[in-house]
Amino acid sequence: MARTGFGSGNIDVVDMAAFILVPLLGGVLFGVWTLGVSVFGGYSFSDALFSIGNTSISVALIGTVAGSAALVANGTLTRGDYSQEEWYVIVVAMLLPVVYVFVPAVESFIHTYDVAAFGAWVLLSGVMLWVSAQA
């Protein structure tokens, strides 16, 4: 099977789109920075689109999860490609945005410590790059 990630020397449009979405919207989700549009009344990408119970679902969450899923699906992630420890890191990075939104203790921890927000963003972005490059 031919390589499709960065190691192949070819440009993969799905990977490139996800590489823009995941770090950008992941940073917005974790509160590393803000991103918004000021025309047509203004909109922040961290604002809620809808709520499930007391949990707000934002464009940042949807974009981050969709971009991560696209990278993993496009990279044809298989169990034999990674060691057990690498799988743990991949699973934690994939679940972190969802856990951050749905578990108040995790959200509180990341909001309390700037280094935790930055670390969550670096973990998510780095693992997604790593998964795609290994494809």
# chains A, B, ... in the order shown; residues from 1 in each chain; ligands from 1
$ residues_around --residues "segment 81-92 of chain A" --least-positions-apart "3" --cutoff "9 Å" --atoms "only C-alpha atoms" --output "PyMOL selection string"
chain A and resi 77-78+95-96+123-124+127-128+131+134-135
$ select_by_dssp --residues "segment 11-130 of chain A" --states "strand (DSSP E or B)" --output "ChimeraX atom specification"
/A:36-37,43-44,48-52,55-58
$ closest_atom_pairs --of "segment 22-82 of chain A" --to "segment 109-121 of chain A" --cutoff "12 Å" --atoms "only C-alpha atoms" --output "Markdown table"
| residue | atom | partner | partner_atom | distance |
| --- | --- | --- | --- | --- |
| A:Val22 | CA | A:Trp121 | CA | 9.2 |
| A:Pro23 | CA | A:Trp121 | CA | 7.1 |
| A:Leu24 | CA | A:Trp121 | CA | 9.4 |
| A:Leu25 | CA | A:Trp121 | CA | 9.6 |
| A:Gly26 | CA | A:Trp121 | CA | 6.1 |
| A:Gly27 | CA | A:Trp121 | CA | 5.8 |
| A:Val28 | CA | A:Trp121 | CA | 9.2 |
| A:Leu29 | CA | A:Trp121 | CA | 8.9 |
| A:Phe30 | CA | A:Ala117 | CA | 5.5 |
| A:Gly31 | CA | A:Ala117 | CA | 6.7 |
| A:Val32 | CA | A:Phe118 | CA | 6.2 |
| A:Trp33 | CA | A:Phe118 | CA | 9.9 |
| A:Thr64 | CA | A:Trp121 | CA | 10.7 |
$ select_by_dssp --residues "segment 1-133 of chain A" --states "alpha helix (DSSP H)" --output "NGL selection string"
:A and (13-30 or 59-74 or 84-102 or 104-112 or 114-133)
$ closest_residue --among "A:Val101, A:Ala70, A:Val13, A:Ala133" --to "Ser51 of chain A" --atoms "only C-alpha atoms"
A:Val101
$ atom_distance --atom1 "atom CA of Trp130 of chain A" --atom2 "atom CA of Phe19 of chain A"
11.0 Å
$ residues_around --residues "Asp47 of chain A" --least-positions-apart "4" --cutoff "10 Å" --atoms "only C-alpha atoms" --output "count of residues only"
8
$ closest_residue --among "A:Val106, A:Ile52, A:Ala18, A:Val39" --to "Ala66 of chain A" --atoms "only C-alpha atoms"
A:Ala18
$ atom_distance --atom1 "atom CA of Gly126 of chain A" --atom2 "atom CA of Pro97 of chain A"
14.0 Å
$ decode --residues "chain A" --atoms "C-alpha atoms" --output "PDB file, in the first residue's frame"
ATOM      1  CA  MET A   1       0.000   0.000   0.000  1.00  0.00           C
ATOM      2  CA  ALA A   2       1.380   3.412  -0.946  1.00  0.00           C
ATOM      3  CA  ARG A   3       2.067   5.963   1.785  1.00  0.00           C
ATOM      4  CA  THR A   4      -0.292   8.938   1.808  1.00  0.00           C
ATOM      5  CA  GLY A   5       1.036  10.956   4.779  1.00  0.00           C
ATOM      6  CA  PHE A   6       3.793  13.532   4.823  1.00  0.00           C
ATOM      7  CA  GLY A   7       6.463  10.882   4.495  1.00  0.00           C
ATOM      8  CA  SER A   8       5.300  10.044   0.969  1.00  0.00           C
ATOM      9  CA  GLY A   9       6.259  13.397  -0.552  1.00  0.00           C
ATOM     10  CA  ASN A  10       2.661  13.965  -1.702  1.00  0.00           C
ATOM     11  CA  ILE A  11       0.235  16.610  -0.477  1.00  0.00           C
ATOM     12  CA  ASP A  12      -2.866  15.118   1.105  1.00  0.00           C
ATOM     13  CA  VAL A  13      -5.751  17.604   1.126  1.00  0.00           C
ATOM     14  CA  VAL A  14      -7.594  15.923   4.010  1.00  0.00           C
ATOM     15  CA  ASP A  15      -4.465  15.977   6.167  1.00  0.00           C
ATOM     16  CA  MET A  16      -3.750  19.609   5.345  1.00  0.00           C
ATOM     17  CA  ALA A  17      -7.321  20.712   6.155  1.00  0.00           C
ATOM     18  CA  ALA A  18      -7.244  18.784   9.421  1.00  0.00           C
ATOM     19  CA  PHE A  19      -3.819  20.227  10.299  1.00  0.00           C
ATOM     20  CA  ILE A  20      -5.359  23.674  10.060  1.00  0.00           C
ATOM     21  CA  LEU A  21      -8.562  22.777  11.941  1.00  0.00           C
ATOM     22  CA  VAL A  22      -7.197  20.718  14.837  1.00  0.00           C
ATOM     23  CA  PRO A  23      -4.536  23.106  16.188  1.00  0.00           C
ATOM     24  CA  LEU A  24      -6.574  26.234  15.451  1.00  0.00           C
ATOM     25  CA  LEU A  25      -9.895  25.096  16.905  1.00  0.00           C
ATOM     26  CA  GLY A  26      -8.224  22.974  19.600  1.00  0.00           C
ATOM     27  CA  GLY A  27      -6.529  26.132  20.868  1.00  0.00           C
ATOM     28  CA  VAL A  28      -9.869  27.932  20.902  1.00  0.00           C
ATOM     29  CA  LEU A  29     -11.524  25.008  22.690  1.00  0.00           C
ATOM     30  CA  PHE A  30      -8.887  24.824  25.445  1.00  0.00           C
ATOM     31  CA  GLY A  31      -8.797  28.605  25.845  1.00  0.00           C
ATOM     32  CA  VAL A  32      -5.248  29.083  24.557  1.00  0.00           C
ATOM     33  CA  TRP A  33      -6.569  31.898  22.320  1.00  0.00           C
ATOM     34  CA  THR A  34      -9.838  33.277  21.032  1.00  0.00           C
ATOM     35  CA  LEU A  35     -11.142  33.356  17.505  1.00  0.00           C
ATOM     36  CA  GLY A  36     -14.219  35.156  16.303  1.00  0.00           C
ATOM     37  CA  VAL A  37     -15.875  37.006  13.484  1.00  0.00           C
ATOM     38  CA  SER A  38     -16.934  40.595  14.079  1.00  0.00           C
ATOM     39  CA  VAL A  39     -19.238  41.119  11.071  1.00  0.00           C
ATOM     40  CA  PHE A  40     -22.964  40.297  11.001  1.00  0.00           C
ATOM     41  CA  GLY A  41     -23.334  40.830  14.738  1.00  0.00           C
ATOM     42  CA  GLY A  42     -20.194  38.908  15.680  1.00  0.00           C
ATOM     43  CA  TYR A  43     -19.576  35.302  16.617  1.00  0.00           C
ATOM     44  CA  SER A  44     -16.936  33.546  18.689  1.00  0.00           C
ATOM     45  CA  PHE A  45     -16.019  29.996  17.738  1.00  0.00           C
ATOM     46  CA  SER A  46     -16.109  29.048  21.417  1.00  0.00           C
ATOM     47  CA  ASP A  47     -19.779  30.113  21.718  1.00  0.00           C
ATOM     48  CA  ALA A  48     -22.343  27.353  22.067  1.00  0.00           C
ATOM     49  CA  LEU A  49     -24.160  26.148  18.962  1.00  0.00           C
ATOM     50  CA  PHE A  50     -26.465  24.040  21.117  1.00  0.00           C
ATOM     51  CA  SER A  51     -26.532  22.434  24.542  1.00  0.00           C
ATOM     52  CA  ILE A  52     -26.845  18.887  25.787  1.00  0.00           C
ATOM     53  CA  GLY A  53     -28.005  19.213  29.380  1.00  0.00           C
ATOM     54  CA  ASN A  54     -25.604  21.697  30.964  1.00  0.00           C
ATOM     55  CA  THR A  55     -22.913  21.079  28.340  1.00  0.00           C
ATOM     56  CA  SER A  56     -22.399  23.562  25.522  1.00  0.00           C
ATOM     57  CA  ILE A  57     -21.340  22.192  22.142  1.00  0.00           C
ATOM     58  CA  SER A  58     -19.323  24.719  20.134  1.00  0.00           C
ATOM     59  CA  VAL A  59     -17.870  24.993  16.653  1.00  0.00           C
ATOM     60  CA  ALA A  60     -14.438  24.586  18.270  1.00  0.00           C
ATOM     61  CA  LEU A  61     -15.407  21.188  19.728  1.00  0.00           C
ATOM     62  CA  ILE A  62     -17.059  19.927  16.559  1.00  0.00           C
ATOM     63  CA  GLY A  63     -14.170  21.090  14.366  1.00  0.00           C
ATOM     64  CA  THR A  64     -11.526  19.625  16.667  1.00  0.00           C
ATOM     65  CA  VAL A  65     -13.220  16.224  16.909  1.00  0.00           C
ATOM     66  CA  ALA A  66     -14.002  16.140  13.165  1.00  0.00           C
ATOM     67  CA  GLY A  67     -10.442  17.105  12.235  1.00  0.00           C
ATOM     68  CA  SER A  68      -8.959  14.513  14.592  1.00  0.00           C
ATOM     69  CA  ALA A  69     -11.292  11.821  13.249  1.00  0.00           C
ATOM     70  CA  ALA A  70     -10.403  12.753   9.660  1.00  0.00           C
ATOM     71  CA  LEU A  71      -6.679  12.456  10.391  1.00  0.00           C
ATOM     72  CA  VAL A  72      -7.090   9.084  12.046  1.00  0.00           C
ATOM     73  CA  ALA A  73      -9.423   7.760   9.337  1.00  0.00           C
ATOM     74  CA  ASN A  74      -7.233   9.058   6.531  1.00  0.00           C
ATOM     75  CA  GLY A  75      -4.107   7.649   8.172  1.00  0.00           C
ATOM     76  CA  THR A  76      -5.631   4.154   8.314  1.00  0.00           C
ATOM     77  CA  LEU A  77      -4.718   3.735  11.971  1.00  0.00           C
ATOM     78  CA  THR A  78      -4.022   0.082  12.731  1.00  0.00           C
ATOM     79  CA  ARG A  79      -3.050  -1.527  15.999  1.00  0.00           C
ATOM     80  CA  GLY A  80       0.107  -3.096  14.590  1.00  0.00           C
ATOM     81  CA  ASP A  81       1.611   0.273  13.666  1.00  0.00           C
ATOM     82  CA  TYR A  82       2.041   1.472  17.264  1.00  0.00           C
ATOM     83  CA  SER A  83       3.288   0.119  20.591  1.00  0.00           C
ATOM     84  CA  GLN A  84       0.965  -0.207  23.591  1.00  0.00           C
ATOM     85  CA  GLU A  85       2.255   3.061  25.103  1.00  0.00           C
ATOM     86  CA  GLU A  86       1.758   4.904  21.821  1.00  0.00           C
ATOM     87  CA  TRP A  87      -1.855   3.690  21.705  1.00  0.00           C
ATOM     88  CA  TYR A  88      -2.462   5.119  25.182  1.00  0.00           C
ATOM     89  CA  VAL A  89      -1.162   8.516  24.098  1.00  0.00           C
ATOM     90  CA  ILE A  90      -3.267   8.472  20.912  1.00  0.00           C
ATOM     91  CA  VAL A  91      -6.439   7.516  22.809  1.00  0.00           C
ATOM     92  CA  VAL A  92      -5.872  10.200  25.473  1.00  0.00           C
ATOM     93  CA  ALA A  93      -5.311  12.855  22.809  1.00  0.00           C
ATOM     94  CA  MET A  94      -8.405  11.786  20.857  1.00  0.00           C
ATOM     95  CA  LEU A  95     -10.640  11.750  23.947  1.00  0.00           C
ATOM     96  CA  LEU A  96      -9.254  14.900  25.588  1.00  0.00           C
ATOM     97  CA  PRO A  97     -11.488  17.441  23.750  1.00  0.00           C
ATOM     98  CA  VAL A  98     -14.640  15.441  24.498  1.00  0.00           C
ATOM     99  CA  VAL A  99     -13.668  14.759  28.123  1.00  0.00           C
ATOM    100  CA  TYR A 100     -12.773  18.442  28.530  1.00  0.00           C
ATOM    101  CA  VAL A 101     -16.287  19.478  27.514  1.00  0.00           C
ATOM    102  CA  PHE A 102     -18.268  16.765  29.316  1.00  0.00           C
ATOM    103  CA  VAL A 103     -16.276  16.385  32.580  1.00  0.00           C
ATOM    104  CA  PRO A 104     -16.404  19.572  34.697  1.00  0.00           C
ATOM    105  CA  ALA A 105     -13.342  18.623  36.794  1.00  0.00           C
ATOM    106  CA  VAL A 106     -11.156  18.375  33.677  1.00  0.00           C
ATOM    107  CA  GLU A 107     -12.489  21.671  32.333  1.00  0.00           C
ATOM    108  CA  SER A 108     -11.876  23.354  35.684  1.00  0.00           C
ATOM    109  CA  PHE A 109      -8.311  22.021  35.875  1.00  0.00           C
ATOM    110  CA  ILE A 110      -7.441  23.155  32.361  1.00  0.00           C
ATOM    111  CA  HIS A 111      -9.007  26.596  32.928  1.00  0.00           C
ATOM    112  CA  THR A 112      -7.245  27.047  36.272  1.00  0.00           C
ATOM    113  CA  TYR A 113      -3.710  26.416  35.009  1.00  0.00           C
ATOM    114  CA  ASP A 114      -2.514  28.072  31.804  1.00  0.00           C
ATOM    115  CA  VAL A 115       0.203  25.483  31.414  1.00  0.00           C
ATOM    116  CA  ALA A 116      -2.478  22.737  31.453  1.00  0.00           C
ATOM    117  CA  ALA A 117      -4.373  24.443  28.625  1.00  0.00           C
ATOM    118  CA  PHE A 118      -1.182  24.860  26.643  1.00  0.00           C
ATOM    119  CA  GLY A 119      -0.138  21.268  27.375  1.00  0.00           C
ATOM    120  CA  ALA A 120      -3.533  19.921  26.271  1.00  0.00           C
ATOM    121  CA  TRP A 121      -3.242  21.874  23.032  1.00  0.00           C
ATOM    122  CA  VAL A 122       0.339  20.696  22.388  1.00  0.00           C
ATOM    123  CA  LEU A 123      -0.622  17.065  23.142  1.00  0.00           C
ATOM    124  CA  LEU A 124      -3.611  17.130  20.788  1.00  0.00           C
ATOM    125  CA  SER A 125      -1.799  18.911  17.962  1.00  0.00           C
ATOM    126  CA  GLY A 126       1.378  16.863  18.291  1.00  0.00           C
ATOM    127  CA  VAL A 127      -0.353  13.492  18.372  1.00  0.00           C
ATOM    128  CA  MET A 128      -2.489  14.318  15.357  1.00  0.00           C
ATOM    129  CA  LEU A 129       0.633  15.312  13.387  1.00  0.00           C
ATOM    130  CA  TRP A 130       2.400  12.159  14.559  1.00  0.00           C
ATOM    131  CA  VAL A 131      -0.513   9.870  13.567  1.00  0.00           C
ATOM    132  CA  SER A 132      -0.666  11.357  10.094  1.00  0.00           C
ATOM    133  CA  ALA A 133       3.082  11.251   9.573  1.00  0.00           C
ATOM    134  CA  GLN A 134       3.157   7.558  10.573  1.00  0.00           C
ATOM    135  CA  ALA A 135       0.526   6.667   7.966  1.00  0.00           C
TER     136      ALA A 135
END
